[in-house]
>>> print(open('protein27.txt').read())   # compact mmCIF, C-alpha atoms and all ligand atoms
# COMPACT_ATOMS: atom_id res chain seq x y z
CA MET A 13 0.94 21.75 1.06
CA SER A 14 -2.44 20.16 0.45
CA LEU A 15 -1.88 17.66 3.29
CA GLY A 16 -0.42 20.14 5.82
CA GLY A 17 -1.17 19.01 9.39
CA LYS A 18 -2.33 15.56 8.32
CA ILE A 19 -1.09 12.36 9.95
CA ALA A 20 -0.54 9.45 7.55
CA LEU A 21 0.43 5.81 8.04
CA VAL A 22 2.04 3.96 5.11
CA THR A 23 2.53 0.23 5.64
CA GLY A 24 5.54 -1.46 4.00
CA ALA A 25 7.37 1.82 3.41
CA SER A 26 10.99 0.72 3.90
CA ARG A 27 11.56 0.72 0.12
CA GLY A 28 9.86 0.56 -3.27
CA ILE A 29 6.35 1.86 -3.84
CA GLY A 30 5.69 2.43 -0.12
CA ARG A 31 8.75 4.68 0.16
CA SER A 32 7.65 6.71 -2.90
CA ILE A 33 4.17 7.12 -1.40
CA ALA A 34 5.65 8.25 1.93
CA ILE A 35 7.82 10.85 0.16
CA GLU A 36 4.89 12.12 -1.91
CA LEU A 37 2.68 12.55 1.17
CA ALA A 38 5.56 14.40 2.87
CA LYS A 39 5.92 16.71 -0.15
CA ARG A 40 2.24 17.54 0.31
CA GLY A 41 2.91 18.45 3.95
CA ALA A 42 1.90 15.31 5.89
CA ASN A 43 3.66 13.76 8.86
CA VAL A 44 4.23 10.16 7.86
CA ILE A 45 4.51 7.03 9.98
CA VAL A 46 6.63 4.45 8.15
CA ASN A 47 5.69 0.86 8.93
CA TYR A 48 8.00 -1.99 7.90
CA LYS A 49 8.67 -5.54 9.02
CA LYS A 50 12.42 -6.20 8.72
CA ASP A 51 14.38 -3.66 6.73
CA GLN A 52 15.48 -1.19 9.44
CA GLU A 53 18.12 0.47 7.25
CA GLY A 54 15.63 0.98 4.41
CA ALA A 55 13.02 2.37 6.78
CA GLU A 56 15.55 4.83 8.22
CA LYS A 57 16.42 5.94 4.68
CA THR A 58 12.72 6.56 4.02
CA ILE A 59 12.56 8.75 7.16
CA GLU A 60 15.58 10.72 5.93
CA LEU A 61 13.88 11.30 2.55
CA ILE A 62 10.59 12.30 4.21
CA ASN A 63 12.41 14.88 6.33
CA GLU A 64 14.28 16.19 3.25
CA ASN A 65 10.97 16.62 1.45
CA GLY A 66 9.22 18.85 3.95
CA GLY A 67 7.40 16.35 6.16
CA ARG A 68 8.27 14.60 9.42
CA GLY A 69 8.77 10.86 9.50
CA PHE A 70 8.36 8.31 12.30
CA LEU A 71 9.17 4.59 12.35
CA TYR A 72 6.85 1.78 13.40
CA LYS A 73 8.22 -1.75 13.02
CA GLY A 74 5.96 -4.80 12.84
CA ASP A 75 4.05 -7.34 10.82
CA VAL A 76 0.74 -6.21 9.28
CA SER A 77 -0.47 -9.81 9.10
CA SER A 78 -0.86 -9.73 12.91
CA TYR A 79 -4.24 -8.36 14.04
CA SER A 80 -2.97 -7.44 17.50
CA PHE A 81 0.11 -5.69 16.10
CA CYS A 82 -2.02 -3.50 13.79
CA LYS A 83 -4.48 -2.68 16.58
CA ASN A 84 -1.64 -1.65 18.93
CA MET A 85 0.18 0.32 16.23
CA ILE A 86 -2.88 2.36 15.31
CA GLU A 87 -3.88 2.92 18.96
CA ASP A 88 -0.34 4.17 19.69
CA ILE A 89 -0.38 6.51 16.69
CA ILE A 90 -3.74 7.99 17.71
CA LYS A 91 -2.49 8.40 21.30
CA ARG A 92 0.72 10.07 20.18
CA PHE A 93 -0.62 12.34 17.41
CA SER A 94 -4.28 12.63 18.59
CA LYS A 95 -5.52 11.43 15.21
CA LEU A 96 -4.85 9.41 12.06
CA ASP A 97 -6.12 11.04 8.83
CA ILE A 98 -4.66 8.81 6.13
CA LEU A 99 -4.06 5.06 5.97
CA VAL A 100 -2.20 3.63 2.98
CA ASN A 101 -2.20 -0.17 2.97
CA ASN A 102 0.83 -0.86 0.80
CA ALA A 103 2.71 -3.76 2.47
CA GLY A 104 2.65 -6.78 0.20
CA ILE A 105 4.55 -9.87 -0.88
CA SER A 106 4.50 -11.95 -4.04
CA LYS A 107 5.50 -15.48 -4.95
CA VAL A 108 5.94 -16.51 -8.57
CA GLY A 109 5.46 -20.17 -9.44
CA LEU A 110 3.09 -22.79 -10.75
CA PHE A 111 -0.16 -23.10 -8.81
CA MET A 112 0.49 -26.77 -8.01
CA ASP A 113 3.94 -25.98 -6.59
CA LEU A 114 2.49 -23.55 -4.06
CA THR A 115 2.19 -24.86 -0.49
CA GLU A 116 -0.59 -24.26 2.02
CA GLU A 117 1.90 -22.23 4.13
CA GLU A 118 2.66 -19.98 1.15
CA PHE A 119 -1.07 -19.52 0.52
CA ASP A 120 -1.54 -18.42 4.15
CA GLU A 121 1.46 -16.10 4.05
CA ILE A 122 0.39 -14.30 0.87
CA MET A 123 -3.25 -13.93 1.96
CA ASN A 124 -2.29 -12.88 5.50
CA VAL A 125 0.01 -10.06 4.38
CA ASN A 126 -1.74 -8.88 1.21
CA PHE A 127 -5.38 -9.17 2.27
CA LYS A 128 -5.65 -9.75 6.01
CA GLY A 129 -3.11 -6.96 6.55
CA VAL A 130 -5.52 -4.56 4.81
CA PHE A 131 -8.40 -5.84 6.94
CA ASN A 132 -6.32 -5.56 10.13
CA CYS A 133 -5.34 -1.93 9.63
CA CYS A 134 -8.79 -0.85 8.41
CA HIS A 135 -10.49 -2.62 11.32
CA ALA A 136 -8.19 -0.82 13.75
CA VAL A 137 -8.74 2.68 12.32
CA VAL A 138 -12.32 2.87 11.06
CA GLU A 139 -13.98 3.55 14.42
CA HIS A 140 -11.61 6.48 14.97
CA MET A 141 -12.27 7.87 11.48
CA ILE A 142 -16.04 7.49 11.92
CA SER A 143 -15.90 9.40 15.20
CA ARG A 144 -14.17 12.28 13.37
CA LYS A 145 -16.42 11.98 10.30
CA GLN A 146 -13.31 12.11 8.09
CA GLY A 147 -10.46 9.98 6.83
CA THR A 148 -8.96 8.52 3.70
CA ILE A 149 -7.88 4.96 3.03
CA VAL A 150 -5.89 3.91 -0.05
CA ASN A 151 -5.14 0.24 -0.68
CA ILE A 152 -2.36 -0.81 -3.05
CA SER A 153 -3.69 -3.58 -5.23
CA SER A 154 -2.25 -4.87 -8.55
CA ILE A 155 -3.37 -5.22 -12.14
CA TRP A 156 -3.22 -8.97 -11.49
CA GLY A 157 -6.06 -8.47 -9.01
CA ASN A 158 -8.11 -7.10 -11.95
CA ALA A 159 -7.00 -9.57 -14.62
CA GLY A 160 -5.35 -12.60 -12.98
CA ALA A 161 -1.78 -13.70 -13.78
CA SER A 162 -0.48 -17.12 -14.68
CA CYS A 163 2.05 -18.30 -12.05
CA GLU A 164 0.75 -15.72 -9.58
CA VAL A 165 -2.62 -17.29 -8.83
CA ILE A 166 -2.80 -16.67 -5.10
CA TYR A 167 -1.16 -13.24 -5.38
CA SER A 168 -3.83 -12.35 -7.97
CA ALA A 169 -6.56 -13.70 -5.69
CA SER A 170 -5.27 -11.68 -2.73
CA LYS A 171 -5.37 -8.49 -4.79
CA GLY A 172 -8.80 -9.36 -6.22
CA ALA A 173 -9.96 -9.59 -2.61
CA VAL A 174 -8.43 -6.16 -1.92
CA ASN A 175 -10.37 -4.73 -4.88
CA SER A 176 -13.79 -5.97 -3.77
CA PHE A 177 -13.01 -5.11 -0.12
CA THR A 178 -12.21 -1.55 -1.25
CA LYS A 179 -15.44 -1.15 -3.22
CA ALA A 180 -17.62 -2.58 -0.44
CA LEU A 181 -15.99 -0.66 2.43
CA ALA A 182 -16.20 2.57 0.42
CA LYS A 183 -19.98 2.17 0.18
CA GLU A 184 -20.32 1.43 3.89
CA LEU A 185 -18.13 4.36 5.00
CA ALA A 186 -19.11 7.07 2.51
CA PRO A 187 -22.01 8.32 4.69
CA SER A 188 -19.46 8.79 7.51
CA GLY A 189 -17.25 11.05 5.38
CA ILE A 190 -14.53 8.45 4.81
CA ARG A 191 -13.22 7.66 1.34
CA VAL A 192 -11.72 4.27 0.39
CA ASN A 193 -9.94 3.75 -2.93
CA ALA A 194 -7.31 1.45 -4.39
CA VAL A 195 -4.45 1.96 -6.81
CA SER A 196 -3.74 -0.96 -9.10
CA PRO A 197 -0.14 -0.75 -10.36
CA GLY A 198 1.24 -2.52 -13.42
CA VAL A 199 4.88 -3.60 -13.48
CA ILE A 200 6.85 -1.27 -11.22
CA ASP A 201 10.64 -1.32 -10.96
CA THR A 202 11.13 -2.41 -7.33
CA GLN A 203 12.72 -5.24 -5.38
CA MET A 204 9.48 -7.22 -5.78
CA ASN A 205 10.47 -7.85 -9.40
CA LYS A 206 14.08 -8.80 -8.65
CA CYS A 207 13.14 -12.45 -9.27
CA PHE A 208 12.92 -11.68 -13.01
CA SER A 209 16.04 -11.87 -15.22
CA ILE A 210 17.01 -8.97 -17.51
CA GLU A 211 15.62 -10.93 -20.46
CA GLU A 212 12.32 -11.56 -18.66
CA LYS A 213 12.09 -7.85 -17.77
CA GLU A 214 12.74 -6.90 -21.41
CA ALA A 215 9.98 -9.28 -22.52
CA LEU A 216 7.60 -7.69 -20.01
CA ILE A 217 8.50 -4.18 -21.20
CA GLU A 218 7.70 -5.20 -24.77
CA GLU A 219 4.12 -5.84 -23.65
CA ILE A 220 3.74 -2.38 -22.08
CA PRO A 221 2.44 0.20 -24.58
CA MET A 222 4.37 3.01 -22.84
CA MET A 223 7.53 0.89 -23.31
CA ARG A 224 8.88 1.17 -19.77
CA MET A 225 8.36 -0.23 -16.31
CA GLY A 226 6.66 2.13 -13.89
CA GLN A 227 8.56 3.93 -11.15
CA GLY A 228 7.46 4.25 -7.53
CA GLU A 229 6.77 7.94 -8.13
CA ASP A 230 4.19 7.04 -10.80
CA ILE A 231 2.18 5.37 -8.05
CA GLY A 232 3.07 7.82 -5.25
CA GLU A 233 1.63 10.81 -7.10
CA VAL A 234 -1.69 9.06 -7.74
CA VAL A 235 -1.91 8.06 -4.07
CA GLY A 236 -1.14 11.68 -3.11
CA PHE A 237 -4.03 12.84 -5.28
CA LEU A 238 -6.37 10.24 -3.72
CA CYS A 239 -5.43 11.47 -0.24
CA ASP A 240 -6.02 15.15 -0.79
CA GLU A 241 -9.02 17.40 -1.32
CA SER A 242 -8.80 17.37 -5.14
CA SER A 243 -10.26 13.85 -5.08
CA ARG A 244 -13.02 14.63 -2.56
CA TYR A 245 -15.80 13.11 -4.74
CA ILE A 246 -13.89 9.90 -5.59
CA THR A 247 -14.52 6.77 -3.54
CA GLY A 248 -14.78 3.03 -4.17
CA GLN A 249 -12.50 3.23 -7.21
CA ILE A 250 -9.69 0.98 -8.36
CA ILE A 251 -7.35 3.29 -10.28
CA THR A 252 -5.13 1.37 -12.68
CA VAL A 253 -1.65 2.85 -13.24
CA ASP A 254 0.08 0.54 -15.71
CA GLY A 255 1.35 2.43 -18.77
CA GLY A 256 -1.48 0.91 -20.81
CA PHE A 257 -0.54 -2.71 -20.04
CA LEU A 258 -4.04 -4.12 -19.44
P1 LIG B 301 8.87 -4.35 -2.21
O1 LIG B 301 9.90 -3.49 -2.82
O2 LIG B 301 9.13 -5.79 -2.02
O3 LIG B 301 8.46 -3.70 -0.81
C1 LIG B 301 7.54 -4.33 0.04
C2 LIG B 301 7.40 -3.56 1.33
O4 LIG B 301 6.45 -4.25 2.17
C3 LIG B 301 8.70 -3.49 2.11
O5 LIG B 301 8.78 -2.22 2.73
C4 LIG B 301 8.53 -4.57 3.18
O6 LIG B 301 9.24 -4.25 4.37
C5 LIG B 301 7.05 -4.49 3.44
N1 LIG B 301 6.46 -5.69 4.03
C6 LIG B 301 6.44 -6.94 3.51
N2 LIG B 301 5.79 -7.78 4.34
C7 LIG B 301 5.38 -7.02 5.40
C8 LIG B 301 4.65 -7.30 6.57
N3 LIG B 301 4.20 -8.55 6.82
N4 LIG B 301 4.39 -6.29 7.44
C9 LIG B 301 4.83 -5.03 7.17
N5 LIG B 301 5.53 -4.72 6.08
C10 LIG B 301 5.80 -5.69 5.20
O7 LIG B 301 7.51 -4.28 -3.03
P2 LIG B 301 6.82 -3.12 -3.87
O8 LIG B 301 6.99 -3.44 -5.29
O9 LIG B 301 7.22 -1.78 -3.37
O10 LIG B 301 5.29 -3.44 -3.51
C11 LIG B 301 4.49 -2.58 -2.70
C12 LIG B 301 3.03 -2.92 -2.94
O11 LIG B 301 2.72 -2.71 -4.33
C13 LIG B 301 2.67 -4.37 -2.65
O12 LIG B 301 1.40 -4.45 -2.07
C14 LIG B 301 2.66 -5.01 -4.03
O13 LIG B 301 1.83 -6.15 -4.09
C15 LIG B 301 2.13 -3.87 -4.87
N6 LIG B 301 2.44 -3.99 -6.30
C16 LIG B 301 3.72 -4.01 -6.74
C17 LIG B 301 3.97 -4.12 -8.11
C18 LIG B 301 5.35 -4.14 -8.68
O14 LIG B 301 5.48 -4.43 -9.89
N7 LIG B 301 6.39 -3.85 -7.93
C19 LIG B 301 2.90 -4.20 -9.01
C20 LIG B 301 1.61 -4.19 -8.52
C21 LIG B 301 1.39 -4.07 -7.16
P3 LIG B 301 10.36 -5.20 5.07
O15 LIG B 301 11.36 -5.56 4.04
O16 LIG B 301 10.87 -4.36 6.18
O17 LIG B 301 9.62 -6.41 5.57
>>> encode(input="protein27.txt", output="structure tokens")
Amino acid sequence: MSLGGKIALVTGASRGIGRSIAIELAKRGANVIVNYKKDQEGAEKTIELINENGGRGFLYKGDVSSYSFCKNMIEDIIKRFSKLDILVNNAGISKVGLFMDLTEEEFDEIMNVNFKGVFNCCHAVVEHMISRKQGTIVNISSIWGNAGASCEVIYSASKGAVNSFTKALAKELAPSGIRVNAVSPGVIDTQMNKCFSIEEKEALIEEIPMMRMGQGEDIGEVVGFLCDESSRYITGQIITVDGGFL
């Protein structure tokens, strides 16, 4: 129970990678606040799984791309639980298509969820973490933020922004006892990849040296490690978890 007594917020935890992270933090003893935007049923399922895995789960519905929502959510959490130890910025969206087919509205939507959402939650929690001289932030990036992907230009750019944000904030906050890292997943078997056909998925798998798509748990366990004491000297890192893809 390396995270016993800790309070964690995982954004976008109604399914997929966010749900796996929430379960992993619960297994390590944390109480986990599950943020989501729409999928009430999925979020309730995540709470059920958190409770089955030794933690306690709480729901918090809302859109991370809204600055005022994130500020209110984090203020409420701190009021209710007296603290927030762990922030995992996982909520994200992707759009696959040619760069020239992408609209200005789609650009705004991707950047506002994937990058501004990370800014919003960090901006709301950092003062609190500094006052306690402790805290851990983990941002979920993507290998496309490291390498760039054809037909995912703005998604790649949003995750590239998350990577440099992570490195810079880590340097600024390290003297205050706060660690900031990112996990950069490869192709993970979640609803985000439901746009690909079976044939397209098979073609992707052929490019992965470990010959399989990742599972949410592959990411959850790395995030768990980054949140607990075993990683106390690690900050400002982008940890790639991709079965050797890149
Ligand atoms: P997913 O299955 O589509 O889940 C996305 C989660 O984000 C859902 O819980 C969704 O909740 C939530 N969400 C979306 N927009 C939101 C918003 N504006 N405010 C709050 N919550 C929001 O995707 P996933 O594969 O688990 O992806 C999780 C993270 O991993 C993302 O940041 C993604 O970019 C990253 N990633 C995924 C892969 C992959 O291959 N799957 C690879 C690299 C990186 P609602 O449905 O309730 O809105």
>>> residues_around(input="protein27.txt", residues="A:Phe70", least_positions_apart="2", cutoff="10 Å", atoms="all atoms listed in the file", output="list in words")
Leu21, Asn43, Val44, Ile45, Val46, Asn47, Ala55, Glu56, Thr58, Ile59, Glu60, Ile62, Asn63, Arg68, Tyr72 and Ile89 of chain A
>>> atom_distance(input="protein27.txt", atom1="atom N6 of ligand LIG 301 (chain B)", atom2="atom CA of A:Val192")
17.7 Å
>>> closest_atom_pairs(input="protein27.txt", of="stretch 129-167 of chain A", to="stretch 103-109 of chain A", cutoff="7 Å", atoms="all atoms listed in the file", output="JSON lines")
{"residue": "A:Cys163", "atom": "CA", "partner": "A:Gly109", "partner_atom": "CA", "distance": 4.7}
{"residue": "A:Glu164", "atom": "CA", "partner": "A:Val108", "partner_atom": "CA", "distance": 5.3}
{"residue": "A:Tyr167", "atom": "CA", "partner": "A:Ser106", "partner_atom": "CA", "distance": 6.0}
>>> residues_around(input="protein27.txt", residues="A:Ala182", least_positions_apart="3", cutoff="12 Å", atoms="only C-alpha atoms", output="list in words")
Cys134, Val138, Gly147, Thr148, Ile149, Val150, Asn151, Val174, Asn175, Ser176, Phe177, Thr178, Lys179, Leu185, Ala186, Pro187, Ser188, Gly189, Ile190, Arg191, Val192, Asn193, Ala194, Tyr245, Ile246, Thr247, Gly248, Gln249 and Ile250 of chain A
>>> residues_near_ligand(input="protein27.txt", ligand="ligand LIG 301 (chain B)", cutoff="7 Å", atoms="all atoms listed in the file", output="PyMOL selection string")
chain A and resi 23-30+47-52+74-77+102-106+125-126+152-155+196-205
>>> decode(input="protein27.txt", residues="stretch 15-26 of chain A", atoms="all heavy atoms", output="PDB file, in the first residue's frame")
ATOM      1  N   LEU A  15       0.687   3.877  -1.595  1.00  0.00           N
ATOM      2  CA  LEU A  15      -0.001   5.171  -1.703  1.00  0.00           C
ATOM      3  C   LEU A  15      -1.116   5.293  -0.653  1.00  0.00           C
ATOM      4  O   LEU A  15      -2.058   6.077  -0.828  1.00  0.00           O
ATOM      5  CB  LEU A  15      -0.579   5.351  -3.115  1.00  0.00           C
ATOM      6  CG  LEU A  15       0.441   5.382  -4.265  1.00  0.00           C
ATOM      7  CD1 LEU A  15      -0.263   5.524  -5.614  1.00  0.00           C
ATOM      8  CD2 LEU A  15       1.440   6.525  -4.085  1.00  0.00           C
ATOM      9  N   GLY A  16      -1.008   4.533   0.422  1.00  0.00           N
ATOM     10  CA  GLY A  16      -2.019   4.565   1.492  1.00  0.00           C
ATOM     11  C   GLY A  16      -2.196   5.992   2.012  1.00  0.00           C
ATOM     12  O   GLY A  16      -1.217   6.690   2.269  1.00  0.00           O
ATOM     13  N   GLY A  17      -3.442   6.435   2.107  1.00  0.00           N
ATOM     14  CA  GLY A  17      -3.732   7.780   2.636  1.00  0.00           C
ATOM     15  C   GLY A  17      -3.605   8.896   1.613  1.00  0.00           C
ATOM     16  O   GLY A  17      -3.929  10.052   1.905  1.00  0.00           O
ATOM     17  N   LYS A  18      -3.170   8.566   0.415  1.00  0.00           N
ATOM     18  CA  LYS A  18      -3.004   9.608  -0.612  1.00  0.00           C
ATOM     19  C   LYS A  18      -4.337   9.893  -1.318  1.00  0.00           C
ATOM     20  O   LYS A  18      -5.169   8.990  -1.497  1.00  0.00           O
ATOM     21  CB  LYS A  18      -1.990   9.174  -1.680  1.00  0.00           C
ATOM     22  CG  LYS A  18      -0.598   8.890  -1.130  1.00  0.00           C
ATOM     23  CD  LYS A  18       0.161  10.154  -0.826  1.00  0.00           C
ATOM     24  CE  LYS A  18       1.586   9.856  -0.416  1.00  0.00           C
ATOM     25  NZ  LYS A  18       2.235  10.981   0.250  1.00  0.00           N
ATOM     26  N   ILE A  19      -4.482  11.130  -1.754  1.00  0.00           N
ATOM     27  CA  ILE A  19      -5.651  11.533  -2.538  1.00  0.00           C
ATOM     28  C   ILE A  19      -5.172  11.810  -3.966  1.00  0.00           C
ATOM     29  O   ILE A  19      -4.247  12.605  -4.172  1.00  0.00           O
ATOM     30  CB  ILE A  19      -6.304  12.821  -1.968  1.00  0.00           C
ATOM     31  CG1 ILE A  19      -6.646  12.672  -0.486  1.00  0.00           C
ATOM     32  CG2 ILE A  19      -7.535  13.206  -2.787  1.00  0.00           C
ATOM     33  CD1 ILE A  19      -7.724  11.652  -0.170  1.00  0.00           C
ATOM     34  N   ALA A  20      -5.803  11.127  -4.926  1.00  0.00           N
ATOM     35  CA  ALA A  20      -5.383  11.247  -6.335  1.00  0.00           C
ATOM     36  C   ALA A  20      -6.560  11.667  -7.205  1.00  0.00           C
ATOM     37  O   ALA A  20      -7.689  11.222  -6.997  1.00  0.00           O
ATOM     38  CB  ALA A  20      -4.843   9.904  -6.819  1.00  0.00           C
ATOM     39  N   LEU A  21      -6.286  12.510  -8.182  1.00  0.00           N
ATOM     40  CA  LEU A  21      -7.281  12.859  -9.204  1.00  0.00           C
ATOM     41  C   LEU A  21      -6.785  12.326 -10.545  1.00  0.00           C
ATOM     42  O   LEU A  21      -5.646  12.613 -10.945  1.00  0.00           O
ATOM     43  CB  LEU A  21      -7.434  14.389  -9.282  1.00  0.00           C
ATOM     44  CG  LEU A  21      -8.170  14.944 -10.513  1.00  0.00           C
ATOM     45  CD1 LEU A  21      -9.622  14.479 -10.572  1.00  0.00           C
ATOM     46  CD2 LEU A  21      -8.125  16.496 -10.511  1.00  0.00           C
ATOM     47  N   VAL A  22      -7.623  11.540 -11.226  1.00  0.00           N
ATOM     48  CA  VAL A  22      -7.297  11.071 -12.580  1.00  0.00           C
ATOM     49  C   VAL A  22      -8.338  11.657 -13.526  1.00  0.00           C
ATOM     50  O   VAL A  22      -9.537  11.374 -13.400  1.00  0.00           O
ATOM     51  CB  VAL A  22      -7.303   9.528 -12.678  1.00  0.00           C
ATOM     52  CG1 VAL A  22      -6.873   9.084 -14.085  1.00  0.00           C
ATOM     53  CG2 VAL A  22      -6.403   8.896 -11.620  1.00  0.00           C
ATOM     54  N   THR A  23      -7.895  12.472 -14.477  1.00  0.00           N
ATOM     55  CA  THR A  23      -8.854  13.036 -15.434  1.00  0.00           C
ATOM     56  C   THR A  23      -9.107  12.012 -16.547  1.00  0.00           C
ATOM     57  O   THR A  23      -8.222  11.202 -16.876  1.00  0.00           O
ATOM     58  CB  THR A  23      -8.349  14.368 -16.033  1.00  0.00           C
ATOM     59  OG1 THR A  23      -7.212  14.124 -16.871  1.00  0.00           O
ATOM     60  CG2 THR A  23      -7.998  15.377 -14.941  1.00  0.00           C
ATOM     61  N   GLY A  24     -10.327  12.047 -17.089  1.00  0.00           N
ATOM     62  CA  GLY A  24     -10.678  11.125 -18.186  1.00  0.00           C
ATOM     63  C   GLY A  24     -10.556   9.676 -17.768  1.00  0.00           C
ATOM     64  O   GLY A  24      -9.914   8.880 -18.447  1.00  0.00           O
ATOM     65  N   ALA A  25     -11.208   9.326 -16.635  1.00  0.00           N
ATOM     66  CA  ALA A  25     -11.025   7.966 -16.100  1.00  0.00           C
ATOM     67  C   ALA A  25     -12.284   7.117 -16.224  1.00  0.00           C
ATOM     68  O   ALA A  25     -12.438   6.130 -15.511  1.00  0.00           O
ATOM     69  CB  ALA A  25     -10.555   8.044 -14.647  1.00  0.00           C
ATOM     70  N   SER A  26     -13.185   7.472 -17.156  1.00  0.00           N
ATOM     71  CA  SER A  26     -14.408   6.675 -17.294  1.00  0.00           C
ATOM     72  C   SER A  26     -14.192   5.412 -18.121  1.00  0.00           C
ATOM     73  O   SER A  26     -15.089   4.583 -18.246  1.00  0.00           O
ATOM     74  CB  SER A  26     -15.526   7.521 -17.917  1.00  0.00           C
ATOM     75  OG  SER A  26     -15.122   8.034 -19.181  1.00  0.00           O
TER      76      SER A  26
END
